[in-house]
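One file, final21.cif, carrying mmCIF, C-alpha atoms:
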```cif
data_query
loop_
_atom_site.group_PDB
_atom_site.id
_atom_site.type_symbol
_atom_site.label_atom_id
_atom_site.label_comp_id
_atom_site.auth_asym_id
_atom_site.auth_seq_id
_atom_site.Cartn_x
_atom_site.Cartn_y
_atom_site.Cartn_z
ATOM 1 C CA MET A 25 72.152 272.322 211.115
ATOM 2 C CA PRO A 26 75.554 271.176 209.913
ATOM 3 C CA LEU A 27 76.225 269.948 213.429
ATOM 4 C CA GLN A 28 73.134 267.729 213.258
ATOM 5 C CA ASP A 29 74.225 266.351 209.922
ATOM 6 C CA LYS A 30 77.568 265.274 211.250
ATOM 7 C CA PRO A 31 76.646 262.241 213.376
ATOM 8 C CA GLU A 32 74.633 260.760 210.515
ATOM 9 C CA LYS A 33 77.543 261.113 208.164
ATOM 10 C CA THR A 34 79.995 259.572 210.587
ATOM 11 C CA ASP A 35 77.542 256.759 211.239
ATOM 12 C CA SER A 36 77.238 255.883 207.564
ATOM 13 C CA LEU A 37 80.991 256.240 207.186
ATOM 14 C CA LYS A 38 81.528 253.941 210.144
ATOM 15 C CA GLU A 39 79.097 251.426 208.677
ATOM 16 C CA LEU A 40 80.868 251.546 205.319
ATOM 17 C CA THR A 41 84.248 251.043 206.965
ATOM 18 C CA ARG A 42 83.003 248.154 209.058
ATOM 19 C CA CYS A 43 81.384 246.547 206.003
ATOM 20 C CA ALA A 44 84.615 246.928 204.032
ATOM 21 C CA MET A 45 86.632 245.442 206.877
ATOM 22 C CA PHE A 46 84.324 242.459 207.307
ATOM 23 C CA THR A 47 84.278 241.900 203.538
ATOM 24 C CA ALA A 48 88.071 241.762 203.610
ATOM 25 C CA VAL A 49 87.989 239.258 206.485
ATOM 26 C CA ALA A 50 85.362 237.099 204.748
ATOM 27 C CA LEU A 51 87.259 237.245 201.450
ATOM 28 C CA THR A 52 90.476 236.140 203.151
ATOM 29 C CA ILE A 53 88.763 233.155 204.768
ATOM 30 C CA PHE A 54 87.048 232.358 201.456
ATOM 31 C CA MET A 55 90.313 232.398 199.494
ATOM 32 C CA ILE A 56 92.134 230.236 202.058
ATOM 33 C CA GLU A 57 89.242 227.770 201.991
ATOM 34 C CA ALA A 58 89.309 227.678 198.170
ATOM 35 C CA ARG A 59 92.980 226.652 198.348
ATOM 36 C CA LEU A 60 92.221 223.694 200.588
ATOM 37 C CA PRO A 61 91.677 220.400 198.767
ATOM 38 C CA ALA A 62 88.030 219.376 198.434
ATOM 39 C CA PRO A 63 87.026 217.453 201.575
ATOM 40 C CA MET A 64 84.675 215.170 199.654
ATOM 41 C CA PRO A 65 84.146 214.494 195.937
ATOM 42 C CA ILE A 66 80.659 215.984 196.013
ATOM 43 C CA PRO A 67 80.016 218.869 193.610
ATOM 44 C CA GLY A 68 79.133 222.085 195.421
ATOM 45 C CA ALA A 69 80.159 220.835 198.860
ATOM 46 C CA LYS A 70 82.063 223.365 200.930
ATOM 47 C CA LEU A 71 82.839 224.148 204.531
ATOM 48 C CA GLY A 72 81.548 227.697 204.134
ATOM 49 C CA LEU A 73 83.700 229.131 206.909
ATOM 50 C CA SER A 74 83.419 232.654 205.505
ATOM 51 C CA ASN A 75 79.696 232.598 206.296
ATOM 52 C CA ALA A 76 80.606 233.051 209.952
ATOM 53 C CA VAL A 77 81.434 236.655 209.026
ATOM 54 C CA THR A 78 78.125 237.106 207.169
ATOM 55 C CA LEU A 79 76.195 235.761 210.147
ATOM 56 C CA TYR A 80 78.147 237.931 212.557
ATOM 57 C CA VAL A 81 77.384 241.039 210.508
ATOM 58 C CA ALA A 82 73.719 240.025 210.217
ATOM 59 C CA TYR A 83 73.349 239.801 213.995
ATOM 60 C CA SER A 84 75.510 242.776 214.957
ATOM 61 C CA MET A 85 74.738 245.276 212.164
ATOM 62 C CA GLY A 86 71.582 243.989 210.486
ATOM 63 C CA THR A 87 70.696 242.007 207.389
ATOM 64 C CA LYS A 88 71.152 245.024 205.091
ATOM 65 C CA SER A 89 74.848 245.274 205.916
ATOM 66 C CA ALA A 90 75.096 241.485 205.805
ATOM 67 C CA SER A 91 73.786 241.404 202.234
ATOM 68 C CA LYS A 92 76.322 244.064 201.206
ATOM 69 C CA VAL A 93 79.177 242.084 202.752
ATOM 70 C CA LEU A 94 77.926 238.780 201.323
ATOM 71 C CA PHE A 95 77.493 239.936 197.740
ATOM 72 C CA SER A 96 80.770 241.888 197.644
ATOM 73 C CA ARG A 97 82.502 238.779 198.934
ATOM 74 C CA ILE A 98 80.804 236.522 196.348
ATOM 75 C CA VAL A 99 81.609 238.799 193.384
ATOM 76 C CA LEU A 100 85.201 239.474 194.455
ATOM 77 C CA GLY A 101 85.733 235.857 195.491
ATOM 78 C CA SER A 102 84.675 234.385 192.160
ATOM 79 C CA LEU A 103 86.733 237.026 190.331
ATOM 80 C CA PHE A 104 89.839 236.176 192.356
ATOM 81 C CA ALA A 105 89.253 232.430 192.087
ATOM 82 C CA GLY A 106 88.920 232.817 188.327
ATOM 83 C CA GLN A 107 85.723 230.796 188.014
ATOM 84 C CA LEU A 108 82.898 232.946 186.744
ATOM 85 C CA MET A 109 80.492 229.985 186.600
ATOM 86 C CA THR A 110 80.624 229.698 190.377
ATOM 87 C CA LEU A 111 79.343 233.277 190.635
ATOM 88 C CA LEU A 112 75.895 232.166 189.448
ATOM 89 C CA TYR A 113 75.732 229.278 191.902
ATOM 90 C CA SER A 114 76.922 231.197 194.948
ATOM 91 C CA ALA A 115 74.908 234.328 194.133
ATOM 92 C CA THR A 116 71.634 232.390 193.939
ATOM 93 C CA GLY A 117 72.544 230.328 196.985
ATOM 94 C CA GLY A 118 73.441 233.522 198.842
ATOM 95 C CA LEU A 119 70.142 235.137 197.848
ATOM 96 C CA PHE A 120 68.115 232.178 199.156
ATOM 97 C CA CYS A 121 70.196 232.177 202.314
ATOM 98 C CA LEU A 122 69.688 235.922 202.915
ATOM 99 C CA LEU A 123 65.918 235.809 202.334
ATOM 100 C CA PHE A 124 65.678 233.032 204.894
ATOM 101 C CA LEU A 125 67.945 234.934 207.275
ATOM 102 C CA CYS A 126 65.797 238.091 207.036
ATOM 103 C CA VAL A 127 62.763 236.075 208.157
ATOM 104 C CA ILE A 128 64.355 233.909 210.828
ATOM 105 C CA ARG A 129 66.385 236.706 212.404
ATOM 106 C CA ASN A 130 63.178 238.139 213.909
ATOM 107 C CA TYR A 131 62.296 234.848 215.603
ATOM 108 C CA THR A 132 65.667 233.910 217.058
ATOM 109 C CA ASN A 133 68.140 235.419 219.501
ATOM 110 C CA PRO A 134 71.935 235.486 219.107
ATOM 111 C CA THR A 135 72.275 232.356 221.283
ATOM 112 C CA GLN A 136 70.495 230.310 218.613
ATOM 113 C CA ILE A 137 72.835 230.967 215.700
ATOM 114 C CA TRP A 138 73.968 227.342 215.960
ATOM 115 C CA PHE A 139 70.494 226.515 214.598
ATOM 116 C CA VAL A 140 70.161 229.414 212.122
ATOM 117 C CA SER A 141 73.505 228.698 210.480
ATOM 118 C CA PRO A 142 72.818 225.125 209.243
ATOM 119 C CA CYS A 143 69.340 226.174 208.076
ATOM 120 C CA CYS A 144 70.889 228.978 206.021
ATOM 121 C CA ALA A 145 73.424 226.533 204.620
ATOM 122 C CA ILE A 146 70.591 224.212 203.526
ATOM 123 C CA CYS A 147 68.804 227.141 201.828
ATOM 124 C CA HIS A 148 72.087 227.923 200.068
ATOM 125 C CA ASN A 149 72.291 224.322 198.846
ATOM 126 C CA LEU A 150 68.723 224.389 197.554
ATOM 127 C CA GLY A 151 69.369 227.595 195.605
ATOM 128 C CA GLN A 152 72.602 226.172 194.231
ATOM 129 C CA LEU A 153 70.936 222.950 193.053
ATOM 130 C CA LEU A 154 68.055 224.843 191.434
ATOM 131 C CA VAL A 155 70.571 226.828 189.372
ATOM 132 C CA ALA A 156 72.460 223.634 188.598
ATOM 133 C CA THR A 157 69.296 221.979 187.241
ATOM 134 C CA LYS A 158 68.670 225.047 185.066
ATOM 135 C CA VAL A 159 72.256 225.187 183.797
ATOM 136 C CA MET A 160 72.780 221.452 183.343
ATOM 137 C CA GLY A 161 69.263 220.791 182.068
ATOM 138 C CA THR A 162 68.846 217.721 184.271
ATOM 139 C CA GLU A 163 67.369 216.997 187.697
ATOM 140 C CA ALA A 164 70.012 214.326 188.263
ATOM 141 C CA VAL A 165 72.026 216.787 190.380
ATOM 142 C CA PHE A 166 69.414 216.439 193.129
ATOM 143 C CA TYR A 167 70.996 213.061 193.802
ATOM 144 C CA PHE A 168 73.590 215.001 195.802
ATOM 145 C CA LEU A 169 71.024 216.898 197.929
ATOM 146 C CA PRO A 170 71.085 214.543 200.965
ATOM 147 C CA TYR A 171 74.896 214.547 200.941
ATOM 148 C CA LEU A 172 75.030 218.336 200.672
ATOM 149 C CA VAL A 173 72.457 218.770 203.442
ATOM 150 C CA GLY A 174 74.371 216.358 205.664
ATOM 151 C CA ILE A 175 77.586 218.345 205.207
ATOM 152 C CA ALA A 176 75.623 221.599 205.665
ATOM 153 C CA LEU A 177 74.310 220.372 209.036
ATOM 154 C CA ILE A 178 77.734 219.530 210.413
ATOM 155 C CA SER A 179 79.681 222.516 209.084
ATOM 156 C CA GLY A 180 76.706 224.834 209.682
ATOM 157 C CA VAL A 181 76.490 224.019 213.384
ATOM 158 C CA PHE A 182 80.251 224.490 213.668
ATOM 159 C CA VAL A 183 80.144 227.862 211.890
ATOM 160 C CA GLY A 184 77.157 228.888 214.020
ATOM 161 C CA ILE A 185 78.936 228.121 217.291
ATOM 162 C CA ALA A 186 81.980 230.022 216.025
ATOM 163 C CA THR A 187 79.745 233.027 215.248
ATOM 164 C CA GLN A 188 78.157 232.940 218.698
ATOM 165 C CA ASN A 189 81.576 232.992 220.321
ATOM 166 C CA LEU A 190 82.637 235.817 218.022
ATOM 167 C CA LEU A 191 79.576 237.870 219.002
ATOM 168 C CA LEU A 192 80.303 237.304 222.702
ATOM 169 C CA ARG A 193 83.933 238.317 222.382
ATOM 170 C CA MET A 194 83.362 241.295 220.105
ATOM 171 C CA GLU A 195 80.899 242.882 222.553
ATOM 172 C CA ASN A 196 83.791 244.258 224.593
ATOM 173 C CA THR A 197 85.693 245.727 221.653
ATOM 174 C CA LYS A 198 84.968 249.057 220.035
ATOM 175 C CA ILE A 199 85.115 247.876 216.434
ATOM 176 C CA MET B 6 82.465 232.593 260.861
ATOM 177 C CA SER B 7 79.447 234.428 259.614
ATOM 178 C CA ALA B 8 81.368 235.672 256.604
ATOM 179 C CA GLU B 9 82.411 232.108 255.717
ATOM 180 C CA GLU B 10 78.870 230.892 256.089
ATOM 181 C CA LYS B 11 77.697 233.649 253.805
ATOM 182 C CA GLU B 12 80.311 232.695 251.246
ATOM 183 C CA GLU B 13 79.212 229.078 251.425
ATOM 184 C CA LYS B 14 75.613 230.125 250.979
ATOM 185 C CA ASN B 15 76.582 232.249 248.034
ATOM 186 C CA GLU B 16 78.415 229.316 246.500
ATOM 187 C CA ILE B 17 75.411 227.067 246.946
ATOM 188 C CA LYS B 18 73.187 229.725 245.414
ATOM 189 C CA GLU B 19 75.499 230.064 242.421
ATOM 190 C CA LYS B 20 75.535 226.320 241.917
ATOM 191 C CA LYS B 21 71.775 226.191 242.156
ATOM 192 C CA VAL B 22 71.494 228.950 239.578
ATOM 193 C CA GLU B 23 73.964 227.251 237.261
ATOM 194 C CA SER B 24 72.442 223.794 237.201
ATOM 195 C CA PRO B 25 68.904 224.723 236.103
ATOM 196 C CA GLU B 26 70.403 226.877 233.330
ATOM 197 C CA LYS B 27 72.272 223.898 231.977
ATOM 198 C CA THR B 28 69.255 221.608 232.075
ATOM 199 C CA SER B 29 66.927 224.211 230.663
ATOM 200 C CA TRP B 30 69.197 224.813 227.660
ATOM 201 C CA LEU B 31 68.051 221.475 226.296
ATOM 202 C CA LYS B 32 64.431 222.258 227.122
ATOM 203 C CA LYS B 33 64.618 225.719 225.590
ATOM 204 C CA ASN B 34 66.227 224.461 222.407
ATOM 205 C CA MET B 35 64.208 221.274 222.043
ATOM 206 C CA LEU B 36 62.474 222.477 218.867
ATOM 207 C CA PRO B 37 65.529 223.639 216.863
ATOM 208 C CA LEU B 38 67.502 220.584 218.001
ATOM 209 C CA GLY B 39 64.615 218.336 216.988
ATOM 210 C CA ILE B 40 64.379 220.004 213.575
ATOM 211 C CA LEU B 41 68.102 219.496 212.943
ATOM 212 C CA ILE B 42 67.969 215.836 213.983
ATOM 213 C CA PHE B 43 64.878 215.334 211.797
ATOM 214 C CA ILE B 44 66.661 216.881 208.792
ATOM 215 C CA GLY B 45 69.661 214.646 209.535
ATOM 216 C CA LEU B 46 67.433 211.551 209.492
ATOM 217 C CA LEU B 47 65.854 212.729 206.223
ATOM 218 C CA CYS B 48 69.387 212.909 204.761
ATOM 219 C CA VAL B 49 70.103 209.305 205.699
ATOM 220 C CA VAL B 50 66.788 208.210 204.144
ATOM 221 C CA GLY B 51 67.559 210.298 201.038
ATOM 222 C CA ILE B 52 70.981 208.720 200.629
ATOM 223 C CA PHE B 53 69.440 205.236 200.736
ATOM 224 C CA LEU B 54 66.672 206.223 198.331
ATOM 225 C CA GLY B 55 69.289 207.562 195.919
ATOM 226 C CA GLN B 56 70.837 204.111 195.506
ATOM 227 C CA GLY B 57 68.603 203.016 192.645
ATOM 228 C CA GLU B 58 68.782 199.963 190.454
ATOM 229 C CA GLN B 59 71.411 199.532 187.767
ATOM 230 C CA GLN B 60 70.925 201.964 184.917
ATOM 231 C CA LEU B 61 73.568 201.610 182.296
ATOM 232 C CA LEU B 62 72.473 204.000 179.553
ATOM 233 C CA ALA B 63 74.902 206.876 180.130
ATOM 234 C CA THR B 64 74.287 210.337 178.687
ATOM 235 C CA VAL B 65 77.032 212.960 178.580
ATOM 236 C CA THR B 66 75.637 216.493 178.525
ATOM 237 C CA HIS B 67 77.898 219.520 178.100
ATOM 238 C CA LYS B 68 76.415 223.024 178.481
ATOM 239 C CA GLY B 69 72.926 221.598 177.897
ATOM 240 C CA VAL B 70 73.884 219.777 174.679
ATOM 241 C CA VAL B 71 73.863 215.979 174.592
ATOM 242 C CA LEU B 72 77.263 214.936 173.263
ATOM 243 C CA LEU B 73 77.345 211.215 173.816
ATOM 244 C CA GLU B 74 74.890 208.450 174.569
ATOM 245 C CA VAL B 75 76.365 205.079 175.317
ATOM 246 C CA ASP B 76 75.056 201.830 176.734
ATOM 247 C CA LEU B 77 77.750 200.809 179.192
ATOM 248 C CA SER B 78 76.724 197.151 179.135
ATOM 249 C CA GLN B 79 77.492 196.971 175.422
ATOM 250 C CA VAL B 80 80.932 198.576 175.488
ATOM 251 C CA ALA B 81 83.453 195.885 174.635
ATOM 252 C CA ASP B 82 86.606 197.973 174.222
ATOM 253 C CA GLY B 83 87.050 201.041 176.341
ATOM 254 C CA PHE B 84 87.442 204.388 174.621
ATOM 255 C CA ILE B 85 88.283 207.964 175.498
ATOM 256 C CA ARG B 86 86.361 211.084 174.502
ATOM 257 C CA GLU B 87 87.567 214.631 175.053
ATOM 258 C CA VAL B 88 84.958 217.297 175.734
ATOM 259 C CA GLY B 89 86.375 220.777 175.433
ATOM 260 C CA THR B 90 85.681 224.438 174.787
ATOM 261 C CA PRO B 91 87.516 226.774 172.381
ATOM 262 C CA GLU B 92 89.122 228.411 175.450
ATOM 263 C CA GLY B 93 91.154 225.271 176.059
ATOM 264 C CA GLU B 94 89.154 223.934 178.991
ATOM 265 C CA TYR B 95 88.467 220.219 178.689
ATOM 266 C CA ASN B 96 87.313 217.036 180.401
ATOM 267 C CA VAL B 97 88.511 213.630 179.282
ATOM 268 C CA ILE B 98 85.788 211.001 179.599
ATOM 269 C CA GLU B 99 86.869 207.393 179.840
ATOM 270 C CA VAL B 100 84.272 204.759 178.937
ATOM 271 C CA ASN B 101 84.825 201.129 179.884
ATOM 272 C CA SER B 102 82.603 198.091 179.964
ATOM 273 C CA GLY B 103 80.031 198.779 182.681
ATOM 274 C CA ARG B 104 81.663 201.920 184.045
ATOM 275 C CA ILE B 105 82.423 205.515 183.113
ATOM 276 C CA ARG B 106 84.529 208.269 184.622
ATOM 277 C CA VAL B 107 86.188 211.614 184.036
ATOM 278 C CA SER B 108 89.868 210.735 183.954
ATOM 279 C CA GLU B 109 91.308 214.212 183.431
ATOM 280 C CA ALA B 110 90.028 217.784 183.598
ATOM 281 C CA THR B 111 91.233 221.386 183.640
ATOM 282 C CA CYS B 112 88.640 222.569 186.163
ATOM 283 C CA SER B 113 89.820 224.206 189.368
ATOM 284 C CA ASP B 114 88.347 221.833 191.942
ATOM 285 C CA GLN B 115 88.964 218.486 190.149
ATOM 286 C CA ILE B 116 85.806 217.165 191.800
ATOM 287 C CA CYS B 117 84.683 215.443 188.585
ATOM 288 C CA VAL B 118 87.943 213.449 188.521
ATOM 289 C CA LEU B 119 87.753 212.669 192.258
ATOM 290 C CA GLN B 120 84.255 211.229 191.828
ATOM 291 C CA GLY B 121 85.907 208.291 190.073
ATOM 292 C CA TYR B 122 84.058 205.580 188.216
ATOM 293 C CA SER B 123 80.294 205.506 188.190
ATOM 294 C CA THR B 124 78.766 202.122 187.506
ATOM 295 C CA GLY B 125 75.267 203.456 186.949
ATOM 296 C CA ASP B 126 73.926 202.891 190.475
ATOM 297 C CA GLY B 127 72.084 206.211 190.354
ATOM 298 C CA ARG B 128 75.062 208.478 191.040
ATOM 299 C CA PRO B 129 75.623 211.042 188.284
ATOM 300 C CA ILE B 130 79.045 212.566 187.616
ATOM 301 C CA VAL B 131 79.010 216.347 187.666
ATOM 302 C CA CYS B 132 81.598 219.011 186.815
ATOM 303 C CA LEU B 133 80.050 222.267 187.972
ATOM 304 C CA PRO B 134 82.631 224.719 186.539
ATOM 305 C CA HIS B 135 82.466 223.154 183.066
ATOM 306 C CA GLU B 136 78.715 222.479 183.095
ATOM 307 C CA LEU B 137 79.331 218.840 182.305
ATOM 308 C CA VAL B 138 77.096 216.088 183.612
ATOM 309 C CA ILE B 139 76.951 212.342 183.041
ATOM 310 C CA THR B 140 73.504 210.958 183.831
ATOM 311 C CA PHE B 141 72.022 207.487 183.639
ATOM 312 C CA GLU B 142 68.728 206.248 182.316
ATOM 313 C CA GLY B 143 66.987 202.904 182.381
ATOM 314 C CA GLY B 144 69.313 200.255 181.033
ATOM 315 C CA GLU B 145 66.538 197.678 180.636
ATOM 316 C CA ASP B 146 66.776 197.889 176.851
ATOM 317 C CA GLY B 147 70.473 197.261 177.003
ATOM 318 C CA LEU B 148 70.094 194.320 179.393
ATOM 319 C CA ASP B 149 67.428 192.820 177.167
ATOM 320 C CA ALA B 150 69.666 193.206 174.147
ATOM 321 C CA VAL B 151 72.482 191.400 175.953
ATOM 322 C CA THR B 152 70.359 188.564 177.284
ATOM 323 C CA GLY B 153 68.126 188.219 174.227
#
```

Show me the file's structure as structure tokens.
Amino acid sequence: MPLQDKPEKTDSLKELTRCAMFTAVALTIFMIEARLPAPMPIPGAKLGLSNAVTLYVAYSMGTKSASKVLFSRIVLGSLFAGQLMTLLYSATGGLFCLLFLCVIRNYTNPTQIWFVSPCCAICHNLGQLLVATKVMGTEAVFYFLPYLVGIALISGVFVGIATQNLLLRMENTKI
Amino acid sequence: MSAEEKEEKNEIKEKKVESPEKTSWLKKNMLPLGILIFIGLLCVVGIFLGQGEQQLLATVTHKGVVLLEVDLSQVADGFIREVGTPEGEYNVIEVNSGRIRVSEATCSDQICVLQGYSTGDGRPIVCLPHELVITFEGGEDGLDAVTG
């Protein structure tokens, strides 16, 4: 019996280690991106490079692990960046993004991440703007929606292609 | 000879296999590509729709509380208003005749400052970290007051 227990334990341990490692990678990318000057004076606009890691985990380990990595990264990221207000925006955006990812993952294959990624980014923007309307008490923030979606399309496709390449290259490694 | 011929045949076969793959990528991904292009077009339409008529009644809202309402068309001398929290975080709002901006802020991204002047053409000024927003409403009353 103890012998049968062992592989399960090592599996969960391996999963935990991989999740921790990918969270560290995502957090590093997130912090470097936060240091970069804003590309455009549009509130909430971001390149979202760290989402490449989330997408990679979602397609290689499943959406459950991806949600763990995503939310650890969001909480730690907003703590390190020192802006607790951004936690609310990114957490809701992340939630919208993950719900969409859970659905669309069953209908796409890993060669279509270039399409999944911008769609997730748009879901993230919608969630973000909904929170912003609640917090600000005005719908005026939706003025920025077309700009945000435009940026999401471009950076999303880029992040998606990066994730596809990552998946291809990581197939041969034992991580 | 026969080996070379075989190699040539193999090469031709490989080429034949490669080319339909490349053409069929577009066919296979027609739907997702179409969706993305459609969303892109919607964005362009949305950006044009966002450029509304002149609305010069500016409202400054901080954490859901309206702090300042000013008709930009009736501002003769510019003035400065500081909006802050007890923690020492603040935004400095500069009001001039016909335009308004955030001239200084302690937020991390400085996006509210980078947005520059808004002349009431539909574009609000937003500072997400400080929950500050400057919105515009119909300035018809103001215009009437000036003309009449």

Proximity of chain A to chain B: per-residue shortest pair, 7 Å limit, only C-alpha atoms, as a tab-separated table:
```
residue	atom	partner	partner_atom	distance
A:Ala62	CA	B:Asp114	CA	6.9
A:Pro65	CA	B:Ile116	CA	5.2
A:Ile66	CA	B:Ile116	CA	6.8
A:Pro67	CA	B:Ile116	CA	6.3
A:Gln107	CA	B:Pro134	CA	7.0
A:Met109	CA	B:Pro134	CA	5.7
A:Thr110	CA	B:Pro134	CA	6.6
A:Phe139	CA	B:Pro37	CA	6.2
A:Val159	CA	B:Gly69	CA	6.9
A:Met160	CA	B:Gly69	CA	5.4
A:Gly161	CA	B:Gly69	CA	5.6
A:Ala164	CA	B:Pro129	CA	6.5
A:Tyr167	CA	B:Gly55	CA	6.1
A:Pro170	CA	B:Cys48	CA	4.5
A:Tyr171	CA	B:Cys48	CA	6.9
A:Val173	CA	B:Cys48	CA	6.7
A:Gly174	CA	B:Cys48	CA	6.1
```

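Going from atom CA of A:Ile56 to atom CA of A:Leu103 covers 14.6 Å.
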
Would you kindly translate the PyMOL selection byres ((chain B and resi 98) around 6) into the concrete residues it picks from this file, as a list in words?
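The output of the PyMOL selection byres ((chain B and resi 98) around 6) on this file is Ile85, Arg86, Val97, Glu99, Arg106, Val107 and Ser108 of chain B.
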
Need the shell around A:Thr187: protein/DNA/RNA residues with any atom at most 12 Å away, counting all atoms listed in the file. Skip same-chain ones fewer than 4 positions apart. Format as a VMD selection string?
chain A and resid 73 to 84 134 to 141 180 to 183 191 to 194

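Here atom CA of B:Val80 is placed at a distance of 4.8 Å from atom CA of B:Ser102.
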
Selected residue, from A:Ala58, A:Met64, A:Met85, A:Cys126, that lies nearest to A:Glu39 when counting all atoms listed in the file:
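Among the listed residues, the smallest separation from A:Glu39 belongs to A:Met85.
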
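Take atom CA of B:Gly125 and atom CA of A:Pro63: the distance between them is 23.4 Å.
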
Using the chain letters and numbers from this file, what does the PyMOL selection byres ((chain A and resi 47) around 10) select? Give the answer as a PyMOL selection string.
chain A and resi 41-46+48-53+74+77-78+81+90+92-98+100

Could you check which of A:Leu108, A:Leu125, A:Leu154, A:Ala145 is closest to A:Ala176, using only C-alpha atoms?
A:Ala145

For A:Asn149, list every protein, DNA or RNA residue within 9 Å, evaluated using all atoms listed in the file, and leave out those in the same chain fewer than 5 positions away; present the list as a PyMOL selection string.
chain A and resi 68-69+117+120-121+144+154+169+172-173+176
